[in-house]
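> I am attaching a structure below and will ask some questions about it afterwards.
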Amino acid sequence: MSAAARKKLPIGIQTFSDIREGGYYYVDKTSVIHRLVEEGKYYFLSRPRRFGKSLLLDTLRCLFEGREALFEGLHIHDKWDWQVQHPVIRLSFADGVLTSREALDRHIEELLRAEKERLQLSLQNTSIAGQYRELIQQAHEMYGRRVVVLIDEYDKPILDNLLAPERARELREGLKNLYSVLKDADPHLAFVLLTGVSKFSKVSLFSGLNNLNDITLDAPYASICGYTDADIDTVFAPELPGLERDEIRRWYNGYRWGGQEVTAVYNPFDVLLLFQKRQFGAYWFESATPTFLVEVLRQRGIFTPALDQWETEPELLGRFDVDDIATEGLLFQTGYLTVKKVEEPMLGYRLYTLGFPNQEVETSLNQALLPVLGMESAPRERKTLFTHLRAHDLVGLEAHLKALYAGLPHDWYRNNPIARYEGHYASVFYSHFAALGVNVTVEDASHHGKVDMTVDFAGHIYLFEFKVVEQLPEGSALAQIKARGYADKYRGQGKPIHLVGVEFSRERRQIVAFEVESLQAS
């Protein structure tokens, strides 16, 4: 395809009409939208931030308002009755930070007033619930069609205040007051979709709205937001020359909402900025620092080598409330972990394996966690690690890692809960390599005191076993790499393989053994 076929990149554009009329690339989501509308009425969808939720809602708004010209050439165009037009009420909590119930109520009143004026209605009620109920009823009566309700970032006021639980609970009650209106408005409603990052329990937030269908992990809607590999190769084909296609996939693909059969998707924000800037970067991660997440992981003493193979149950993925946030639920819903595998060992009992979606998230999250693990000069240490790995300098690597552990501040150990268990030392080891962005595979992280991992970098393969011992070296780390045969699957790749056994003394807080055995390329 020639350069002449290039279009504008819709970076940050969430208005459907702007994209369709402004000469921008558009990935046609209307086949899955059509299915959504045909199959039900009340929906809830959770996706991480900057994943295209606002554009999805705006597309639905234009569809229900009957703006046919915008849909010409799209899948849904000849399947929709354009004579039927519904009044649409769209509320968004995306803008601003609300830190009190008063501020929230004021914001809601402003939203309701704007919708009232746009729909040319006059309301008599003064309470928020009363105004919302009246808005829906009057819109139905005035326009002669049932109402479509679209709510964007329904949970943001709570998420913005999670570090202040009392305030978060206040705001939750304020939102509950609004959302509870939908339960008795059924005769006036045609379609309802709430979107957000997290999935708060129905009991805590939706008060009786039990018919809300959560499609977050439903296979047919797995790609309702985000770009697929096919989208990258077709819609964005003019942008691909000059960029390594496999690297685009490794860096940005891999978000999956369902089992292995589900199509993985890319975060649109990342891909669009890559195409604009023409260089790889952690664009999505850097667009908002996950302060709350890092603080929760610090308090809970997270074992970082297990992040890429976290087994859990569906119930925990959706357990999210002000007073009860499952760690895996938080990591999954915010987009830092995704579904890698779904198993059903017994009918009705499913097990999910979570892991990092891609290189960007693995590298960036580990970079954010290293200061929490005690590495205050992480960028400088990363450069040193890179220098030794690139030169295949195992003597220098040994000196670097010994200095790294010796430099962890002593008062830090006393003040941090994560340091009170043996997983901390292995976490520092794994996260230091992962934060560099090299290809790291955790072979086994079943025991918190150790990590077995492979690093494939610059034409060499390194097989590490890191283990914690009480005081003196046991000499068993290297022996265990050999006993488990981790090197076997890497033989025949034509790369030198280095087996490295590292032992760390809990008592002395330093590396007491660093044994290396190198195998020539075969």
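Labels used: A, B, ... for chains in the order of the structure tokens, numbers from 1 for residues in each chain, and numbers from 1 for ligands as shown.
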List the neighbours of Arg509 in chain A out to 8 Å using only C-alpha atoms; skip same-chain residues closer than 5 positions along the sequence, and give me the result as a short mmCIF file (atom, residue, chain, number, x, y, z; two decimals) with N, CA and C atoms, in the first residue's frame.


data_model
loop_
_atom_site.label_atom_id
_atom_site.label_comp_id
_atom_site.auth_asym_id
_atom_site.auth_seq_id
_atom_site.Cartn_x
_atom_site.Cartn_y
_atom_site.Cartn_z
N TYR A 405 23.01 -6.02 46.20
CA TYR A 405 22.39 -6.48 47.45
C TYR A 405 23.04 -5.82 48.68
N ALA A 406 24.34 -5.61 48.58
CA ALA A 406 25.02 -4.96 49.71
C ALA A 406 24.53 -3.53 49.88
N PHE A 504 21.89 -16.55 48.39
CA PHE A 504 21.83 -15.32 49.18
C PHE A 504 21.64 -15.68 50.65
#

> Once DSSP has gone over the backbone, tell me which residues of range 283-327 of chain A are in strand (DSSP E), as a VMD selection string.

chain A and resid 310 to 312 320 to 321 324 to 325

> Could you jot down the CA of His188 in chain A to CA of Leu45 in chain A separation for me, Å, one decimal place?

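CA of Leu45 in chain A lies at a distance of 21.8 Å from CA of His188 in chain A.
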
> If you count only C-alpha atoms, which residues fall within 10 Å of Arg169 in chain A, apart from same-chain ones fewer than 6 positions away, as a list of chain:residue names?

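Skipping anything fewer than 6 positions along the chain leaves A:Arg101, A:Ile158, A:Asn161, A:Leu162, A:Leu175, A:Ser204, A:Asp321, A:Val322, A:Asp323.
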
> May I have the selected residues written with all heavy atoms, as an mmCIF file, in the first residue's frame?


data_model
loop_
_atom_site.group_PDB
_atom_site.id
_atom_site.type_symbol
_atom_site.label_atom_id
_atom_site.label_comp_id
_atom_site.auth_asym_id
_atom_site.auth_seq_id
_atom_site.Cartn_x
_atom_site.Cartn_y
_atom_site.Cartn_z
ATOM 1 N N ARG A 101 -18.362 14.030 48.922
ATOM 2 C CA ARG A 101 -19.722 13.720 48.486
ATOM 3 C C ARG A 101 -20.391 14.976 47.916
ATOM 4 O O ARG A 101 -21.136 14.907 46.918
ATOM 5 C CB ARG A 101 -20.521 13.166 49.682
ATOM 6 C CG ARG A 101 -22.008 12.937 49.436
ATOM 7 C CD ARG A 101 -22.250 11.802 48.456
ATOM 8 N NE ARG A 101 -23.669 11.696 48.129
ATOM 9 C CZ ARG A 101 -24.546 10.929 48.772
ATOM 10 N NH1 ARG A 101 -24.157 10.179 49.802
ATOM 11 N NH2 ARG A 101 -25.807 10.880 48.394
ATOM 12 N N ILE A 158 -14.641 6.814 42.832
ATOM 13 C CA ILE A 158 -14.206 5.922 43.926
ATOM 14 C C ILE A 158 -12.722 5.594 43.767
ATOM 15 O O ILE A 158 -11.951 5.677 44.720
ATOM 16 C CB ILE A 158 -15.022 4.610 43.950
ATOM 17 C CG1 ILE A 158 -16.514 4.895 43.875
ATOM 18 C CG2 ILE A 158 -14.705 3.798 45.207
ATOM 19 C CD1 ILE A 158 -17.375 3.655 43.731
ATOM 20 N N ASN A 161 -10.089 7.866 45.022
ATOM 21 C CA ASN A 161 -10.015 8.071 46.477
ATOM 22 C C ASN A 161 -9.745 6.787 47.260
ATOM 23 O O ASN A 161 -9.961 6.747 48.467
ATOM 24 C CB ASN A 161 -11.321 8.711 46.967
ATOM 25 C CG ASN A 161 -11.475 10.136 46.466
ATOM 26 O OD1 ASN A 161 -10.905 11.063 47.023
ATOM 27 N ND2 ASN A 161 -12.229 10.311 45.394
ATOM 28 N N LEU A 162 -9.239 5.760 46.579
ATOM 29 C CA LEU A 162 -9.049 4.473 47.258
ATOM 30 C C LEU A 162 -8.035 4.537 48.398
ATOM 31 O O LEU A 162 -8.097 3.746 49.331
ATOM 32 C CB LEU A 162 -8.637 3.394 46.255
ATOM 33 C CG LEU A 162 -9.789 2.753 45.466
ATOM 34 C CD1 LEU A 162 -9.244 1.759 44.456
ATOM 35 C CD2 LEU A 162 -10.800 2.076 46.375
ATOM 36 N N LEU A 175 -22.747 7.550 44.341
ATOM 37 C CA LEU A 175 -22.966 6.928 43.034
ATOM 38 C C LEU A 175 -24.097 5.902 43.103
ATOM 39 O O LEU A 175 -24.899 5.779 42.177
ATOM 40 C CB LEU A 175 -21.669 6.264 42.553
ATOM 41 C CG LEU A 175 -20.552 7.233 42.158
ATOM 42 C CD1 LEU A 175 -19.238 6.499 41.927
ATOM 43 C CD2 LEU A 175 -20.932 8.032 40.902
ATOM 44 N N SER A 204 -22.784 -3.581 46.569
ATOM 45 C CA SER A 204 -22.272 -2.327 47.137
ATOM 46 C C SER A 204 -22.632 -1.106 46.298
ATOM 47 O O SER A 204 -22.698 -0.007 46.804
ATOM 48 C CB SER A 204 -20.757 -2.399 47.301
ATOM 49 O OG SER A 204 -20.118 -2.250 46.056
ATOM 50 N N ASP A 321 -13.829 -4.028 46.047
ATOM 51 C CA ASP A 321 -14.621 -3.044 46.774
ATOM 52 C C ASP A 321 -13.689 -2.255 47.681
ATOM 53 O O ASP A 321 -12.557 -2.662 47.933
ATOM 54 C CB ASP A 321 -15.742 -3.700 47.576
ATOM 55 C CG ASP A 321 -16.943 -2.760 47.716
ATOM 56 O OD1 ASP A 321 -16.758 -1.539 47.510
ATOM 57 O OD2 ASP A 321 -18.037 -3.232 48.021
ATOM 58 N N VAL A 322 -14.176 -1.145 48.191
ATOM 59 C CA VAL A 322 -13.335 -0.244 48.975
ATOM 60 C C VAL A 322 -12.623 -0.994 50.098
ATOM 61 O O VAL A 322 -11.442 -0.789 50.347
ATOM 62 C CB VAL A 322 -14.183 0.908 49.553
ATOM 63 C CG1 VAL A 322 -13.326 1.804 50.443
ATOM 64 C CG2 VAL A 322 -14.794 1.732 48.420
ATOM 65 N N ASP A 323 -13.346 -1.896 50.761
ATOM 66 C CA ASP A 323 -12.781 -2.594 51.920
ATOM 67 C C ASP A 323 -12.263 -3.992 51.597
ATOM 68 O O ASP A 323 -11.811 -4.699 52.483
ATOM 69 C CB ASP A 323 -13.845 -2.691 53.022
ATOM 70 C CG ASP A 323 -14.406 -1.326 53.362
ATOM 71 O OD1 ASP A 323 -13.609 -0.449 53.741
ATOM 72 O OD2 ASP A 323 -15.630 -1.125 53.222
#

> Can you write out as a Markdown table which residues of range 44-142 of chain A fall within 12 Å of range 330-334 of chain A, alongside each residue's closest atom pair and its distance in Å to one decimal, counting only C-alpha atoms and ordering rows by chain and ascending residue number?


| residue | atom | partner | partner_atom | distance |
| --- | --- | --- | --- | --- |
| A:Leu45 | CA | A:Gln333 | CA | 10.8 |
| A:Ser46 | CA | A:Gln333 | CA | 7.1 |
| A:Arg47 | CA | A:Gln333 | CA | 6.7 |
| A:Pro48 | CA | A:Thr334 | CA | 4.9 |
| A:Arg49 | CA | A:Thr334 | CA | 7.2 |
| A:Arg50 | CA | A:Thr334 | CA | 10.6 |
| A:Phe51 | CA | A:Thr334 | CA | 10.8 |

> Selection from above, N, CA and C atoms, as a PDB file, in the first residue's frame, can you write it?


ATOM      1  N   LEU A  45     -19.343  -3.336  31.339  1.00  0.00           N
ATOM      2  CA  LEU A  45     -18.069  -3.702  30.717  1.00  0.00           C
ATOM      3  C   LEU A  45     -16.922  -3.035  31.455  1.00  0.00           C
ATOM      4  N   SER A  46     -15.954  -3.850  31.887  1.00  0.00           N
ATOM      5  CA  SER A  46     -14.740  -3.337  32.525  1.00  0.00           C
ATOM      6  C   SER A  46     -13.567  -3.491  31.555  1.00  0.00           C
ATOM      7  N   ARG A  47     -12.832  -2.422  31.369  1.00  0.00           N
ATOM      8  CA  ARG A  47     -11.587  -2.436  30.603  1.00  0.00           C
ATOM      9  C   ARG A  47     -10.628  -1.434  31.241  1.00  0.00           C
ATOM     10  N   PRO A  48      -9.297  -1.647  31.096  1.00  0.00           N
ATOM     11  CA  PRO A  48      -8.337  -0.693  31.663  1.00  0.00           C
ATOM     12  C   PRO A  48      -8.493   0.688  31.024  1.00  0.00           C
ATOM     13  N   ARG A  49      -7.851   1.670  31.639  1.00  0.00           N
ATOM     14  CA  ARG A  49      -7.931   3.033  31.116  1.00  0.00           C
ATOM     15  C   ARG A  49      -7.305   3.106  29.718  1.00  0.00           C
ATOM     16  N   ARG A  50      -7.737   4.094  28.965  1.00  0.00           N
ATOM     17  CA  ARG A  50      -7.238   4.362  27.606  1.00  0.00           C
ATOM     18  C   ARG A  50      -7.380   3.160  26.683  1.00  0.00           C
ATOM     19  N   PHE A  51      -8.505   2.488  26.770  1.00  0.00           N
ATOM     20  CA  PHE A  51      -8.715   1.310  25.928  1.00  0.00           C
ATOM     21  C   PHE A  51      -9.836   1.496  24.907  1.00  0.00           C
TER      22      PHE A  51
END

> Nearest residue to Val265 in chain A out of A:Ala306, A:Leu150, A:Ile108, A:Ala222, using only C-alpha atoms?

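With only C-alpha atoms as the atom set, the closest residue is A:Ala222.
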
> Do a neighbour search on Glu360 in chain A at 6 Å with only C-alpha atoms, toss out local chain neighbours closer than 3 positions, and write the hits as a PDB file with C-alpha atoms, in the first residue's frame.


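As a result, part04.pdb now contains:
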ATOM      1  CA  TRP A 251       5.665  -4.919  23.078  1.00  0.00           C
ATOM      2  CA  ALA A 282       5.935   2.621  27.460  1.00  0.00           C
ATOM      3  CA  THR A 363       9.224  -3.897  32.044  1.00  0.00           C
ATOM      4  CA  SER A 364       7.375  -0.821  33.310  1.00  0.00           C
TER       5      SER A 364
END

> Write out as a short mmCIF file (atom, residue, chain, number, x, y, z; two decimals) with N, CA and C atoms, in the first residue's frame which residues come within 8 Å of range 225-239 of chain A when counting only C-alpha atoms, dropping same-chain ones fewer than 2 positions away.


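Saved as result_0.cif:
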data_model
loop_
_atom_site.label_atom_id
_atom_site.label_comp_id
_atom_site.auth_asym_id
_atom_site.auth_seq_id
_atom_site.Cartn_x
_atom_site.Cartn_y
_atom_site.Cartn_z
N MET A 1 0.86 -1.19 0.00
CA MET A 1 0.00 0.00 0.00
C MET A 1 0.90 1.24 0.00
N SER A 2 0.53 2.22 -0.76
CA SER A 2 1.39 3.40 -0.90
C SER A 2 1.22 4.34 0.28
N ALA A 3 2.20 5.23 0.40
CA ALA A 3 2.16 6.21 1.48
C ALA A 3 0.96 7.14 1.34
N ALA A 5 -1.99 6.38 0.94
CA ALA A 5 -3.17 5.84 1.60
C ALA A 5 -3.17 6.10 3.11
N ARG A 6 -2.14 6.75 3.59
CA ARG A 6 -2.09 7.00 5.04
C ARG A 6 -3.17 7.99 5.45
N TYR A 25 -8.03 7.04 10.68
CA TYR A 25 -8.19 5.59 10.66
C TYR A 25 -9.34 5.22 11.59
N TYR A 26 -10.15 4.22 11.19
CA TYR A 26 -11.19 3.71 12.10
C TYR A 26 -11.26 2.20 11.98
N VAL A 27 -11.19 1.53 13.11
CA VAL A 27 -11.35 0.07 13.17
C VAL A 27 -12.83 -0.21 13.41
N ARG A 47 -12.83 -2.42 31.37
CA ARG A 47 -11.59 -2.44 30.60
C ARG A 47 -10.63 -1.43 31.24
N PHE A 51 -8.51 2.49 26.77
CA PHE A 51 -8.72 1.31 25.93
C PHE A 51 -9.84 1.50 24.91
N GLY A 52 -10.36 2.72 24.81
CA GLY A 52 -11.39 2.97 23.80
C GLY A 52 -12.82 2.84 24.31
N LYS A 53 -13.00 2.85 25.64
CA LYS A 53 -14.36 2.73 26.19
C LYS A 53 -15.21 3.94 25.82
N LEU A 56 -16.35 3.77 22.27
CA LEU A 56 -17.42 2.76 22.16
C LEU A 56 -18.77 3.37 22.53
N ALA A 222 -14.70 -10.05 23.52
CA ALA A 222 -13.31 -9.91 23.94
C ALA A 222 -12.59 -8.80 23.19
N SER A 223 -12.98 -8.55 21.95
CA SER A 223 -12.28 -7.53 21.15
C SER A 223 -13.15 -6.29 20.90
N PRO A 241 5.53 -0.02 7.48
CA PRO A 241 6.91 0.01 6.95
C PRO A 241 7.86 0.78 7.86
N ARG A 249 4.19 -6.64 18.16
CA ARG A 249 3.39 -7.68 18.84
C ARG A 249 3.93 -7.96 20.24
N ASN A 253 0.91 -6.22 22.17
CA ASN A 253 -0.24 -7.12 22.06
C ASN A 253 -0.39 -7.93 23.35
N THR A 263 -9.40 -13.88 21.02
CA THR A 263 -8.43 -13.04 20.29
C THR A 263 -7.78 -12.04 21.24
N ALA A 264 -6.45 -12.01 21.21
CA ALA A 264 -5.73 -11.02 22.02
C ALA A 264 -5.82 -9.66 21.32
N VAL A 265 -5.74 -8.59 22.12
CA VAL A 265 -5.83 -7.24 21.54
C VAL A 265 -4.68 -6.35 22.02
N TYR A 266 -4.46 -5.29 21.25
CA TYR A 266 -3.49 -4.26 21.58
C TYR A 266 -4.21 -3.10 22.25
N ASN A 267 -3.51 -2.39 23.12
CA ASN A 267 -4.03 -1.14 23.65
C ASN A 267 -3.92 -0.08 22.55
N PRO A 268 -5.03 0.55 22.13
CA PRO A 268 -4.97 1.50 21.02
C PRO A 268 -4.03 2.68 21.28
N PHE A 275 2.98 4.56 16.14
CA PHE A 275 2.93 4.94 14.73
C PHE A 275 3.27 6.42 14.53
#

> When you count only C-alpha atoms, which of these residues is closest to Phe433 in chain A: A:Glu381, A:Asp28, A:Glu503, A:Glu141?

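The closest residue to Phe433 in chain A is A:Glu381.
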
> Could you jot down the CA of Tyr154 in chain A to CA of Pro10 in chain A separation for me, Å, one decimal place?

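CA of Pro10 in chain A lies 23.9 Å from CA of Tyr154 in chain A.
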
> Mind giving me the straight-line distance from CA of Pro473 in chain A to CA of Ile511 in chain A in Å, one decimal?

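Computing it gives 8.8 Å between the two atoms.
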
> For Thr291 in chain A, please output as a list in words all residues within 10 Å (counting only C-alpha atoms; exclusion window: fewer than 4 positions along the same chain).

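My list of contacting residues is Leu163, Glu295, Val296 and Ala368 of chain A.
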
> With distances taken over only C-alpha atoms, which of A:Asn211, A:Asn125, A:Thr59, A:Gln276 is nearest to Lys29 in chain A?

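The answer is A:Thr59, which sits nearest to Lys29 in chain A.
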
> Give the answer as one residue: which of A:Leu104, A:Val442, A:Ile481, A:Val361 has the shortest atom-to-atom distance to Gly254 in chain A, using only C-alpha atoms?

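Nearest to Gly254 in chain A: A:Val361.
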
> Give the answer as one residue: which of A:Gly374, A:Pro379, A:Gly437, A:Pro87 has the shortest atom-to-atom distance to Gly407 in chain A, using only C-alpha atoms?

A:Gly374

> Need the shell around Gly130 in chain A: protein/DNA/RNA residues with any atom at most 10 Å away, counting only C-alpha atoms. Skip same-chain ones fewer than 6 positions apart. Format as a list in words?

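That gives Leu123, Gln124, Leu178 and Val181 of chain A.
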
> What does the file look like for those residues with N, CA and C atoms, as a tab-separated table (two decimals), in the first residue's frame?


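The resulting out_10.tsv:
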chain	number	residue	atom	x	y	z
A	123	LEU	N	-37.45	19.81	34.45
A	123	LEU	CA	-37.60	18.90	35.58
A	123	LEU	C	-38.13	19.64	36.81
A	124	GLN	N	-39.00	18.94	37.57
A	124	GLN	CA	-39.58	19.53	38.77
A	124	GLN	C	-38.86	19.05	40.04
A	178	LEU	N	-27.38	7.37	42.58
A	178	LEU	CA	-27.68	7.64	41.17
A	178	LEU	C	-28.06	6.36	40.42
A	181	VAL	N	-31.49	4.25	40.58
A	181	VAL	CA	-32.68	4.72	39.84
A	181	VAL	C	-32.98	3.79	38.65
